>>> print(open('query_20.txt').read())   # compact mmCIF, C-alpha atoms
# COMPACT_ATOMS: atom_id res chain seq x y z
CA MET A 275 8.82 -13.43 17.10
CA ARG A 276 11.17 -11.36 19.26
CA PHE A 277 12.79 -8.32 17.87
CA ASP A 278 14.79 -5.34 18.99
CA LEU A 279 12.49 -2.59 20.19
CA ARG A 280 15.12 -0.17 21.49
CA VAL A 281 14.57 2.61 18.96
CA TYR A 282 11.38 2.02 17.02
CA VAL A 283 10.84 4.74 14.44
CA ILE A 284 7.44 5.33 12.89
CA THR A 285 7.78 6.76 9.39
CA HIS A 286 4.96 9.24 9.38
CA ALA A 287 5.19 11.17 6.10
CA GLY A 288 4.58 14.88 5.70
CA PHE A 289 6.94 16.45 8.23
CA ARG A 290 8.83 19.10 6.25
CA GLY A 291 7.91 17.37 2.99
CA ARG A 292 9.78 14.23 4.02
CA SER A 293 8.69 10.90 2.55
CA HIS A 294 8.47 7.57 4.35
CA GLU A 295 11.70 6.61 2.59
CA ASP A 296 13.48 9.77 3.77
CA VAL A 297 12.59 9.03 7.38
CA ALA A 298 13.39 5.32 7.10
CA GLN A 299 16.77 5.91 5.49
CA ALA A 300 17.83 8.41 8.15
CA ALA A 301 16.49 6.25 10.97
CA VAL A 302 18.42 3.22 9.78
CA ALA A 303 21.58 5.33 9.38
CA GLY A 304 21.15 6.65 12.92
CA GLY A 305 20.77 3.23 14.51
CA ALA A 306 17.02 2.62 14.68
CA THR A 307 16.31 -1.00 15.57
CA ALA A 308 12.81 -1.22 14.07
CA LEU A 309 10.62 0.70 11.63
CA GLN A 310 6.89 1.03 11.33
CA LEU A 311 5.23 2.26 8.16
CA ARG A 312 2.23 4.26 9.30
CA ASP A 313 0.18 5.79 6.50
CA LYS A 314 -3.54 6.19 6.98
CA GLU A 315 -4.04 8.14 3.75
CA SER A 316 -2.54 6.12 0.92
CA ALA A 317 -4.44 3.38 -0.91
CA GLY A 318 -3.33 -0.25 -1.06
CA ARG A 319 -1.26 -0.13 -4.23
CA ALA A 320 0.84 2.82 -3.06
CA LEU A 321 1.23 1.30 0.40
CA VAL A 322 2.57 -1.96 -1.01
CA ALA A 323 5.10 -0.04 -3.11
CA THR A 324 6.22 2.06 -0.13
CA ALA A 325 6.44 -0.97 2.15
CA ARG A 326 8.57 -2.81 -0.42
CA ARG A 327 10.97 0.14 -0.60
CA LEU A 328 11.23 0.34 3.20
CA VAL A 329 11.91 -3.39 3.46
CA ALA A 330 14.59 -3.10 0.76
CA LEU A 331 16.42 -0.32 2.57
CA ALA A 332 15.98 -1.53 6.17
CA ASN A 333 16.26 -5.31 6.09
CA PRO A 334 19.84 -5.40 4.69
CA ALA A 335 20.82 -3.36 7.78
CA GLY A 336 19.11 -5.92 10.00
CA VAL A 337 16.18 -3.62 10.74
CA PRO A 338 12.69 -5.13 10.53
CA VAL A 339 9.74 -3.24 9.04
CA VAL A 340 6.21 -3.61 10.35
CA VAL A 341 3.19 -2.14 8.60
CA ASN A 342 0.53 -0.29 10.56
CA ASP A 343 -2.92 -1.87 10.30
CA ARG A 344 -2.77 -3.46 6.83
CA VAL A 345 -1.97 -7.15 7.11
CA ASP A 346 -2.50 -7.57 3.36
CA VAL A 347 0.05 -4.87 2.59
CA ALA A 348 2.56 -6.48 4.96
CA LEU A 349 2.05 -9.86 3.30
CA ALA A 350 2.18 -8.49 -0.24
CA ALA A 351 5.34 -6.47 0.44
CA GLY A 352 7.14 -9.21 2.36
CA ALA A 353 7.35 -6.99 5.44
CA ASP A 354 8.33 -8.40 8.82
CA GLY A 355 4.94 -7.94 10.39
CA VAL A 356 2.19 -5.57 11.40
CA HIS A 357 1.21 -3.27 14.19
CA VAL A 358 -2.50 -3.15 14.95
CA GLY A 359 -4.37 -0.58 16.98
CA GLU A 360 -7.68 -0.91 18.77
CA ASP A 361 -9.66 -0.09 15.59
CA ASP A 362 -7.63 -2.29 13.28
CA LEU A 363 -7.84 -6.00 12.57
CA PRO A 364 -8.02 -7.98 15.83
CA VAL A 365 -4.65 -9.34 17.00
CA ALA A 366 -5.89 -12.92 16.72
CA ASP A 367 -6.86 -12.42 13.06
CA ALA A 368 -3.56 -10.73 12.26
CA ARG A 369 -1.67 -13.61 13.90
CA ARG A 370 -3.68 -16.20 12.00
CA LEU A 371 -3.03 -14.47 8.67
CA LEU A 372 0.66 -13.82 9.31
CA GLY A 373 1.60 -17.11 10.93
CA PRO A 374 3.85 -17.64 13.94
CA GLU A 375 7.08 -16.32 12.41
CA ARG A 376 6.12 -12.74 11.62
CA ILE A 377 5.78 -9.90 14.07
CA VAL A 378 2.39 -8.86 15.39
CA GLY A 379 2.46 -5.81 17.63
CA ALA A 380 -0.53 -4.19 19.25
CA SER A 381 -1.38 -0.90 20.91
CA ALA A 382 -2.47 -0.83 24.53
CA GLY A 383 -3.33 2.02 26.85
CA THR A 384 -4.57 0.01 29.81
CA VAL A 385 -3.65 -3.17 31.68
CA GLU A 386 -6.80 -4.82 30.31
CA GLU A 387 -6.00 -4.02 26.70
CA ALA A 388 -2.43 -5.16 27.23
CA ARG A 389 -3.44 -8.51 28.71
CA ARG A 390 -5.98 -9.13 25.97
CA ALA A 391 -3.48 -8.34 23.21
CA GLU A 392 -0.90 -10.61 24.82
CA GLN A 393 -3.42 -13.45 25.10
CA GLU A 394 -4.42 -13.02 21.46
CA GLY A 395 -0.81 -13.48 20.38
CA ALA A 396 0.90 -10.08 20.24
CA ASP A 397 4.70 -10.25 20.19
CA TYR A 398 5.09 -6.83 21.73
CA LEU A 399 2.93 -3.95 22.88
CA GLY A 400 3.10 -0.29 21.99
CA VAL A 401 2.02 1.34 25.24
CA GLY A 402 0.98 4.93 25.71
CA PRO A 403 0.63 7.73 25.26
CA VAL A 404 3.32 7.91 27.95
CA PHE A 405 3.49 11.70 27.64
CA PRO A 406 1.08 14.14 26.01
CA THR A 407 1.44 14.07 22.23
CA ALA A 408 0.31 16.25 19.36
CA THR A 409 1.06 13.70 16.63
CA LYS A 410 -1.94 11.47 17.22
CA ALA A 411 -5.04 13.50 18.03
CA ASP A 412 -7.07 10.44 19.05
CA ALA A 413 -4.40 8.95 21.28
CA GLY A 414 -6.21 9.75 24.53
CA GLU A 415 -4.96 10.98 27.91
CA ALA A 416 -1.30 10.39 28.75
CA ILE A 417 -0.79 7.40 31.07
CA GLY A 418 2.50 8.68 32.47
CA LEU A 419 5.47 6.65 33.62
CA ASP A 420 3.35 5.09 36.36
CA GLY A 421 0.79 3.86 33.86
CA LEU A 422 3.59 2.44 31.76
CA ARG A 423 5.11 0.65 34.79
CA LYS A 424 1.78 -0.97 35.65
CA ILE A 425 1.34 -2.35 32.15
CA VAL A 426 4.94 -3.61 31.97
CA ALA A 427 4.35 -5.45 35.25
CA ALA A 428 1.11 -7.00 33.96
CA VAL A 429 2.42 -8.72 30.82
CA ARG A 430 5.29 -10.97 29.78
CA VAL A 431 5.77 -9.58 26.24
CA PRO A 432 8.11 -6.64 25.75
CA VAL A 433 6.67 -3.16 25.81
CA VAL A 434 7.72 -0.17 23.75
CA GLY A 435 6.69 3.20 25.13
CA ILE A 436 5.03 5.64 22.74
CA GLY A 437 3.67 9.18 22.89
CA GLY A 438 5.59 12.38 23.43
CA ILE A 439 8.94 10.65 23.73
CA THR A 440 12.04 12.75 23.10
CA VAL A 441 15.78 12.44 23.57
CA GLU A 442 15.29 14.14 26.94
CA ASN A 443 12.75 11.71 28.42
CA ALA A 444 13.64 8.46 26.58
CA ALA A 445 15.80 7.20 29.46
CA GLN A 446 12.93 7.53 31.95
CA VAL A 447 10.73 5.41 29.68
CA VAL A 448 13.30 2.63 29.64
CA LEU A 449 13.94 2.94 33.38
CA ALA A 450 10.19 2.47 33.84
CA GLY A 451 10.56 -0.95 32.23
CA ALA A 452 10.06 -0.43 28.51
CA ALA A 453 12.24 -2.41 26.12
CA GLY A 454 12.51 0.70 23.98
CA VAL A 455 10.90 3.86 22.69
CA ALA A 456 8.63 4.38 19.70
CA VAL A 457 8.77 7.84 18.15
CA VAL A 458 7.16 9.73 15.34
CA SER A 459 7.99 13.42 15.45
CA ALA A 460 11.18 13.03 17.52
CA VAL A 461 12.79 11.64 14.37
CA ALA A 462 10.55 12.55 11.40
CA GLY A 463 10.25 16.14 12.62
CA ALA A 464 13.86 16.62 13.77
CA ASP A 465 16.26 19.09 12.18
CA ASP A 466 18.75 16.26 11.67
CA MET A 467 16.95 12.93 11.59
CA VAL A 468 20.12 10.79 11.65
CA GLU A 469 21.50 12.65 14.65
CA ALA A 470 18.14 12.56 16.45
CA THR A 471 17.97 8.78 16.03
CA ARG A 472 21.56 8.39 17.19
CA ARG A 473 20.89 10.37 20.37
CA LEU A 474 17.74 8.38 21.11
CA ARG A 475 19.71 5.18 20.68
CA GLN A 476 22.42 6.40 23.05
CA ALA A 477 19.86 7.43 25.67
CA VAL A 478 18.08 4.08 25.46
CA ASP A 479 21.29 2.04 25.55
CA LEU A 480 22.58 3.97 28.56
CA ALA A 481 19.31 3.47 30.42
CA LEU A 482 19.25 -0.24 29.60
CA ARG A 483 22.77 -0.56 30.94
CA ALA A 484 21.85 1.42 34.05
CA ARG A 485 18.95 -0.88 34.75
CA GLY A 486 21.12 -3.95 34.21
CA GLY A 487 20.03 -4.94 30.74
CA GLY A 488 17.09 -7.03 31.91
CA ARG A 489 13.60 -5.99 32.84
CA PRO A 490 13.27 -4.20 36.18
CA MET B 105 -13.09 -19.04 -9.61
CA ARG B 106 -16.27 -18.55 -11.64
CA PHE B 107 -19.30 -17.08 -10.04
CA ASP B 108 -22.65 -15.73 -10.97
CA LEU B 109 -22.36 -12.07 -11.87
CA ARG B 110 -25.94 -11.49 -13.03
CA VAL B 111 -27.01 -9.12 -10.25
CA TYR B 112 -24.01 -7.94 -8.31
CA VAL B 113 -25.06 -5.63 -5.48
CA ILE B 114 -22.56 -3.33 -3.80
CA THR B 115 -23.56 -2.65 -0.21
CA HIS B 116 -22.66 0.99 0.07
CA ALA B 117 -23.84 2.18 3.49
CA GLY B 118 -25.45 5.51 4.22
CA PHE B 119 -28.35 5.65 1.77
CA ARG B 120 -31.36 6.58 3.90
CA GLY B 121 -29.53 5.41 7.03
CA ARG B 122 -29.30 1.87 5.72
CA SER B 123 -26.48 -0.34 6.93
CA HIS B 124 -24.46 -2.80 4.87
CA GLU B 125 -26.49 -5.56 6.45
CA ASP B 126 -29.80 -3.90 5.50
CA VAL B 127 -28.74 -3.69 1.87
CA ALA B 128 -27.29 -7.20 1.81
CA GLN B 129 -30.35 -8.79 3.39
CA ALA B 130 -32.71 -7.13 0.92
CA ALA B 131 -30.46 -7.90 -2.04
CA VAL B 132 -30.28 -11.58 -1.15
CA ALA B 133 -34.07 -11.69 -0.66
CA GLY B 134 -34.57 -10.07 -4.06
CA GLY B 135 -32.34 -12.51 -5.94
CA ALA B 136 -28.92 -10.86 -6.07
CA THR B 137 -26.29 -13.34 -7.22
CA ALA B 138 -23.25 -11.64 -5.66
CA LEU B 139 -22.49 -9.04 -3.00
CA GLN B 140 -19.61 -6.66 -2.60
CA LEU B 141 -18.87 -4.96 0.70
CA ARG B 142 -17.57 -1.53 -0.19
CA ASP B 143 -16.70 0.66 2.77
CA LYS B 144 -13.87 3.15 2.43
CA GLU B 145 -14.48 4.76 5.82
CA SER B 146 -14.49 2.01 8.43
CA ALA B 147 -11.32 0.71 10.07
CA GLY B 148 -10.17 -2.89 9.87
CA ARG B 149 -11.84 -4.24 12.99
CA ALA B 150 -15.27 -2.93 12.03
CA LEU B 151 -14.82 -4.12 8.45
CA VAL B 152 -14.03 -7.66 9.55
CA ALA B 153 -17.14 -7.70 11.74
CA THR B 154 -19.34 -6.38 8.92
CA ALA B 155 -17.86 -8.79 6.40
CA ARG B 156 -18.50 -11.72 8.74
CA ARG B 157 -22.14 -10.70 9.11
CA LEU B 158 -22.57 -10.37 5.34
CA VAL B 159 -21.02 -13.79 4.76
CA ALA B 160 -23.30 -15.31 7.40
CA LEU B 161 -26.42 -13.92 5.78
CA ALA B 162 -25.47 -14.36 2.11
CA ASN B 163 -23.55 -17.63 1.86
CA PRO B 164 -26.38 -19.85 3.15
CA ALA B 165 -28.44 -18.50 0.23
CA GLY B 166 -25.62 -19.42 -2.16
CA VAL B 167 -24.56 -15.81 -2.62
CA PRO B 168 -20.84 -15.06 -2.46
CA VAL B 169 -19.45 -11.96 -0.74
CA VAL B 170 -16.39 -10.12 -1.98
CA VAL B 171 -14.71 -7.35 -0.04
CA ASN B 172 -13.63 -4.17 -1.76
CA ASP B 173 -9.89 -3.50 -1.56
CA ARG B 174 -9.01 -5.18 1.76
CA VAL B 175 -7.56 -8.62 1.16
CA ASP B 176 -6.78 -8.97 4.86
CA VAL B 177 -10.39 -8.30 5.80
CA ALA B 178 -11.60 -10.85 3.24
CA LEU B 179 -9.21 -13.47 4.63
CA ALA B 180 -10.01 -12.71 8.27
CA ALA B 181 -13.77 -12.81 7.67
CA GLY B 182 -13.73 -15.90 5.48
CA ALA B 183 -15.26 -13.96 2.59
CA ASP B 184 -15.35 -15.39 -0.91
CA GLY B 185 -12.88 -12.94 -2.35
CA VAL B 186 -12.00 -9.35 -3.09
CA HIS B 187 -12.57 -6.69 -5.65
CA VAL B 188 -9.62 -4.40 -6.31
CA GLY B 189 -9.61 -1.05 -8.07
CA GLU B 190 -6.75 0.69 -9.80
CA ASP B 191 -5.49 2.23 -6.52
CA ASP B 192 -5.87 -0.92 -4.44
CA LEU B 193 -3.55 -3.88 -4.04
CA PRO B 194 -2.35 -5.14 -7.43
CA VAL B 195 -4.38 -8.06 -8.80
CA ALA B 196 -1.31 -10.31 -8.80
CA ASP B 197 -0.69 -9.65 -5.10
CA ALA B 198 -4.34 -10.23 -4.24
CA ARG B 199 -4.29 -13.51 -6.16
CA ARG B 200 -1.12 -14.64 -4.43
CA LEU B 201 -2.54 -13.88 -0.97
CA LEU B 202 -5.98 -15.40 -1.65
CA GLY B 203 -4.90 -18.48 -3.58
CA PRO B 204 -6.53 -19.96 -6.67
CA GLU B 205 -9.89 -20.84 -5.11
CA ARG B 206 -11.12 -17.45 -4.00
CA ILE B 207 -12.54 -14.73 -6.21
CA VAL B 208 -10.39 -11.82 -7.33
CA GLY B 209 -12.24 -9.18 -9.32
CA ALA B 210 -10.76 -6.01 -10.74
CA SER B 211 -11.99 -2.71 -12.07
CA ALA B 212 -11.22 -1.73 -15.66
CA GLY B 213 -12.21 1.30 -17.69
CA THR B 214 -10.11 0.61 -20.80
CA VAL B 215 -9.11 -2.38 -22.95
CA GLU B 216 -5.54 -2.04 -21.64
CA GLU B 217 -6.56 -2.13 -18.00
CA ALA B 218 -8.86 -5.06 -18.70
CA ARG B 219 -6.15 -7.09 -20.44
CA ARG B 220 -3.64 -6.38 -17.70
CA ALA B 221 -6.06 -7.38 -14.94
CA GLU B 222 -6.91 -10.58 -16.80
CA GLN B 223 -3.24 -11.43 -17.25
CA GLU B 224 -2.58 -10.83 -13.56
CA GLY B 225 -5.25 -13.34 -12.62
CA ALA B 226 -8.58 -11.56 -12.23
CA ASP B 227 -11.61 -13.87 -12.31
CA TYR B 228 -13.93 -11.17 -13.58
CA LEU B 229 -13.83 -7.49 -14.42
CA GLY B 230 -16.03 -4.67 -13.22
CA VAL B 231 -16.16 -2.45 -16.30
CA GLY B 232 -17.37 1.10 -16.44
CA PRO B 233 -18.68 3.55 -15.74
CA VAL B 234 -21.06 2.38 -18.47
CA PHE B 235 -23.35 5.35 -17.86
CA PRO B 236 -22.73 8.59 -15.96
CA THR B 237 -22.88 8.02 -12.21
CA ALA B 238 -23.11 10.20 -9.15
CA THR B 239 -22.21 7.47 -6.65
CA LYS B 240 -18.47 7.41 -7.34
CA ALA B 241 -17.09 10.91 -7.87
CA ASP B 242 -13.71 9.65 -9.11
CA ALA B 243 -15.12 7.10 -11.55
CA GLY B 244 -14.17 9.06 -14.67
CA GLU B 245 -16.00 9.63 -17.97
CA ALA B 246 -18.68 7.12 -18.94
CA ILE B 247 -17.46 4.58 -21.52
CA GLY B 248 -20.94 3.85 -22.89
CA LEU B 249 -22.24 0.60 -24.29
CA ASP B 250 -19.68 0.76 -27.11
CA GLY B 251 -16.82 1.03 -24.65
CA LEU B 252 -18.26 -1.93 -22.74
CA ARG B 253 -18.55 -4.00 -25.95
CA LYS B 254 -14.91 -3.33 -26.85
CA ILE B 255 -13.68 -4.51 -23.47
CA VAL B 256 -15.91 -7.60 -23.48
CA ALA B 257 -14.46 -8.50 -26.89
CA ALA B 258 -10.87 -8.02 -25.66
CA VAL B 259 -10.88 -10.44 -22.70
CA ARG B 260 -11.95 -13.99 -21.92
CA VAL B 261 -13.01 -13.43 -18.30
CA PRO B 262 -16.62 -12.41 -17.64
CA VAL B 263 -17.42 -8.74 -17.36
CA VAL B 264 -19.94 -7.08 -15.10
CA GLY B 265 -21.05 -3.62 -16.16
CA ILE B 266 -21.02 -0.89 -13.52
CA GLY B 267 -21.92 2.79 -13.33
CA GLY B 268 -25.34 4.37 -13.65
CA ILE B 269 -27.12 1.06 -14.19
CA THR B 270 -30.85 0.96 -13.47
CA VAL B 271 -33.75 -1.40 -14.06
CA GLU B 272 -34.41 0.55 -17.26
CA ASN B 273 -30.97 0.15 -18.88
CA ALA B 274 -29.79 -3.16 -17.35
CA ALA B 275 -30.93 -5.20 -20.37
CA GLN B 276 -28.82 -3.09 -22.73
CA VAL B 277 -25.75 -3.75 -20.62
CA VAL B 278 -26.28 -7.49 -20.87
CA LEU B 279 -27.07 -7.30 -24.57
CA ALA B 280 -23.73 -5.49 -24.98
CA GLY B 281 -22.03 -8.62 -23.67
CA ALA B 282 -21.83 -8.22 -19.91
CA ALA B 283 -22.44 -11.28 -17.74
CA GLY B 284 -24.37 -9.08 -15.36
CA VAL B 285 -24.82 -5.69 -13.77
CA ALA B 286 -23.18 -4.22 -10.69
CA VAL B 287 -25.21 -1.61 -8.86
CA VAL B 288 -24.90 0.64 -5.86
CA SER B 289 -27.70 3.19 -5.68
CA ALA B 290 -30.15 1.21 -7.87
CA VAL B 291 -30.58 -1.11 -4.88
CA ALA B 292 -29.18 0.66 -1.80
CA GLY B 293 -31.02 3.86 -2.70
CA ALA B 294 -34.27 2.29 -3.90
CA ASP B 295 -37.63 2.82 -2.17
CA ASP B 296 -38.04 -0.96 -1.97
CA MET B 297 -34.65 -2.66 -2.11
CA VAL B 298 -36.03 -6.21 -2.45
CA GLU B 299 -38.31 -5.24 -5.31
CA ALA B 300 -35.56 -3.23 -7.03
CA THR B 301 -33.26 -6.26 -6.92
CA ARG B 302 -36.02 -8.53 -8.20
CA ARG B 303 -36.68 -6.26 -11.18
CA LEU B 304 -32.96 -6.04 -12.00
CA ARG B 305 -32.74 -9.81 -11.90
CA GLN B 306 -35.74 -10.16 -14.22
CA ALA B 307 -34.30 -7.63 -16.68
CA VAL B 308 -30.92 -9.38 -16.71
CA ASP B 309 -32.38 -12.86 -17.04
CA LEU B 310 -34.63 -11.76 -19.91
CA ALA B 311 -31.70 -10.14 -21.71
CA LEU B 312 -29.51 -13.21 -21.22
CA ARG B 313 -32.27 -15.38 -22.67
CA ALA B 314 -32.72 -12.97 -25.58
CA ARG B 315 -29.05 -13.16 -26.44
CA GLY B 316 -29.07 -16.96 -26.21
CA GLY B 317 -27.57 -17.40 -22.78
CA GLY B 318 -23.98 -17.33 -24.02
CA ARG B 319 -21.76 -14.40 -24.80
CA PRO B 320 -22.59 -12.45 -27.97
>>> encode(input="query_20.txt", output="structure tokens")
Amino acid sequence: MRFDLRVYVITHAGFRGRSHEDVAQAAVAGGATALQLRDKESAGRALVATARRLVALANPAGVPVVVNDRVDVALAAGADGVHVGEDDLPVADARRLLGPERIVGASAGTVEEARRAEQEGADYLGVGPVFPTATKADAGEAIGLDGLRKIVAAVRVPVVGIGGITVENAAQVVLAGAAGVAVVSAVAGADDMVEATRRLRQAVDLALRARGGGRP
Amino acid sequence: MRFDLRVYVITHAGFRGRSHEDVAQAAVAGGATALQLRDKESAGRALVATARRLVALANPAGVPVVVNDRVDVALAAGADGVHVGEDDLPVADARRLLGPERIVGASAGTVEEARRAEQEGADYLGVGPVFPTATKADAGEAIGLDGLRKIVAAVRVPVVGIGGITVENAAQVVLAGAAGVAVVSAVAGADDMVEATRRLRQAVDLALRARGGGRP
């Protein structure tokens, strides 16, 4: 399934005592085009409840919600799909369990990983870390804009850049060929989350227009 | 789905460097009637791989494998079902995702929890801790054989006792009305895992015969 990756906000909880719902609500208000529930701490029952609340507040605004890792939680909550990393369920298994209509996204840091995820049925790829990031300690070395460009050129599915992306560098990520930017702290850790999302959206939309709307 | 709960071995990894597969193999050889993969540490991809290996070694011997908590892992690995605790996916969600044919078990420590899990569609209940246990730090106060009897009397689905069960006290658990015993350390931590399973099976079978095979 295709969906709008322009401003893809990951609702990490715990920044300034903010909940997943706090981040999601602000992101939707600010013009986020997609949400990911990422919560590695909570158990299944709590995750299903959180995912249901995110779906209820985002879907009426036309914003899809994907759940990090847990395909069962996505299915139970009626979420729009999942995002799986290298340690999570294989893309092919996630696709089989979710069917063709729901979203399956995958993380990729190399051309090889990207091609494999695409072959296994990923709808989009989260590619990075584009820039150094403190949010995800295990994210590995930054691949830079050049690394991002190489992966974009190697696959047909859309790519969302992730890792160290801010309002200041979002345009570069899009000009390097990404369909959008995925952020954690740039929204969840911002003074004003709505405004931060709005500025990211403006930066991405401007860059997409500058590059002619299509892929480079 | 009904299945044989007599000797239900939970393949906790890490006792004496033993893997899930080590425990499962020995348990099947010793006459275990059911296996549960319980692994709260591993990520989804590793869990699916482990679950597949357990299914491949247990199912040919007629032994079903249920996966603790992760419905998606159970589905991806083709396991026989899941076991959900109070913090995991709700029983009703697990049932909906797994369909009527697979096993959904649930944990219960009180008559209320047991009745709710039964109503939501659990096939069996893991009830305890019957005796004090060191394996599960968050398991709560032991309910004793009286607590077990009360829960057995309150539900129609079969009950497997769990918590501090050994070869020495397994018969009492069955005589209190349980369809079988669920163990972690009594097998995974035993000097001889095959022999430990065999002795548990003998104790349970003797007690079932003594009580007339049916429920008390």
>>> interface_residues(input="query_20.txt", of="chain B", to="chain A", cutoff="9 Å", atoms="all atoms listed in the file", output="VMD selection string")
chain B and resid 146 to 152 173 to 177 179 to 181 190 to 194 197 to 198 200 to 201
>>> write_last_selection(input="query_20.txt", atoms="C-alpha atoms", output="PDB file, in the frame of the given file")
ATOM      1  CA  SER B 146     -14.490   2.010   8.430  1.00  0.00           C
ATOM      2  CA  ALA B 147     -11.320   0.710  10.070  1.00  0.00           C
ATOM      3  CA  GLY B 148     -10.170  -2.890   9.870  1.00  0.00           C
ATOM      4  CA  ARG B 149     -11.840  -4.240  12.990  1.00  0.00           C
ATOM      5  CA  ALA B 150     -15.270  -2.930  12.030  1.00  0.00           C
ATOM      6  CA  LEU B 151     -14.820  -4.120   8.450  1.00  0.00           C
ATOM      7  CA  VAL B 152     -14.030  -7.660   9.550  1.00  0.00           C
ATOM      8  CA  ASP B 173      -9.890  -3.500  -1.560  1.00  0.00           C
ATOM      9  CA  ARG B 174      -9.010  -5.180   1.760  1.00  0.00           C
ATOM     10  CA  VAL B 175      -7.560  -8.620   1.160  1.00  0.00           C
ATOM     11  CA  ASP B 176      -6.780  -8.970   4.860  1.00  0.00           C
ATOM     12  CA  VAL B 177     -10.390  -8.300   5.800  1.00  0.00           C
ATOM     13  CA  LEU B 179      -9.210 -13.470   4.630  1.00  0.00           C
ATOM     14  CA  ALA B 180     -10.010 -12.710   8.270  1.00  0.00           C
ATOM     15  CA  ALA B 181     -13.770 -12.810   7.670  1.00  0.00           C
ATOM     16  CA  GLU B 190      -6.750   0.690  -9.800  1.00  0.00           C
ATOM     17  CA  ASP B 191      -5.490   2.230  -6.520  1.00  0.00           C
ATOM     18  CA  ASP B 192      -5.870  -0.920  -4.440  1.00  0.00           C
ATOM     19  CA  LEU B 193      -3.550  -3.880  -4.040  1.00  0.00           C
ATOM     20  CA  PRO B 194      -2.350  -5.140  -7.430  1.00  0.00           C
ATOM     21  CA  ASP B 197      -0.690  -9.650  -5.100  1.00  0.00           C
ATOM     22  CA  ALA B 198      -4.340 -10.230  -4.240  1.00  0.00           C
ATOM     23  CA  ARG B 200      -1.120 -14.640  -4.430  1.00  0.00           C
ATOM     24  CA  LEU B 201      -2.540 -13.880  -0.970  1.00  0.00           C
TER      25      LEU B 201
END
>>> residues_around(input="query_20.txt", residues="stretch 306-309 of chain A", least_positions_apart="4", cutoff="9 Å", atoms="only C-alpha atoms", output="PyMOL selection string")
chain A and resi 277-285+298+300-302+328+332+336-341+456+471-472+474-475
>>> atom_distance(input="query_20.txt", atom1="atom CA of A:Ala453", atom2="atom CA of A:Thr384")
17.4 Å
>>> closest_residue(input="query_20.txt", among="A:Arg292, A:Arg376, A:Arg423, A:His357", to="A:Gly400", atoms="all atoms listed in the file")
A:His357
>>> residues_around(input="query_20.txt", residues="stretch 290-295 of chain B", least_positions_apart="5", cutoff="6 Å", atoms="all atoms listed in the file", output="ChimeraX atom specification")
/B:119,127,270,300
>>> atom_distance(input="query_20.txt", atom1="atom CA of A:Gly402", atom2="atom CA of A:Arg369")
22.1 Å
>>> atom_distance(input="query_20.txt", atom1="atom CA of B:Val264", atom2="atom CA of B:Val287")
9.8 Å
>>> residues_around(input="query_20.txt", residues="A:Val447", least_positions_apart="4", cutoff="10 Å", atoms="all atoms listed in the file", output="list of chain:residue names")
A:Val404, A:Phe405, A:Gly418, A:Leu419, A:Asp420, A:Leu422, A:Arg423, A:Val434, A:Gly435, A:Ile436, A:Ile439, A:Thr440, A:Asn443, A:Gly451, A:Ala452, A:Ala453, A:Gly454, A:Val455, A:Val478, A:Ala481
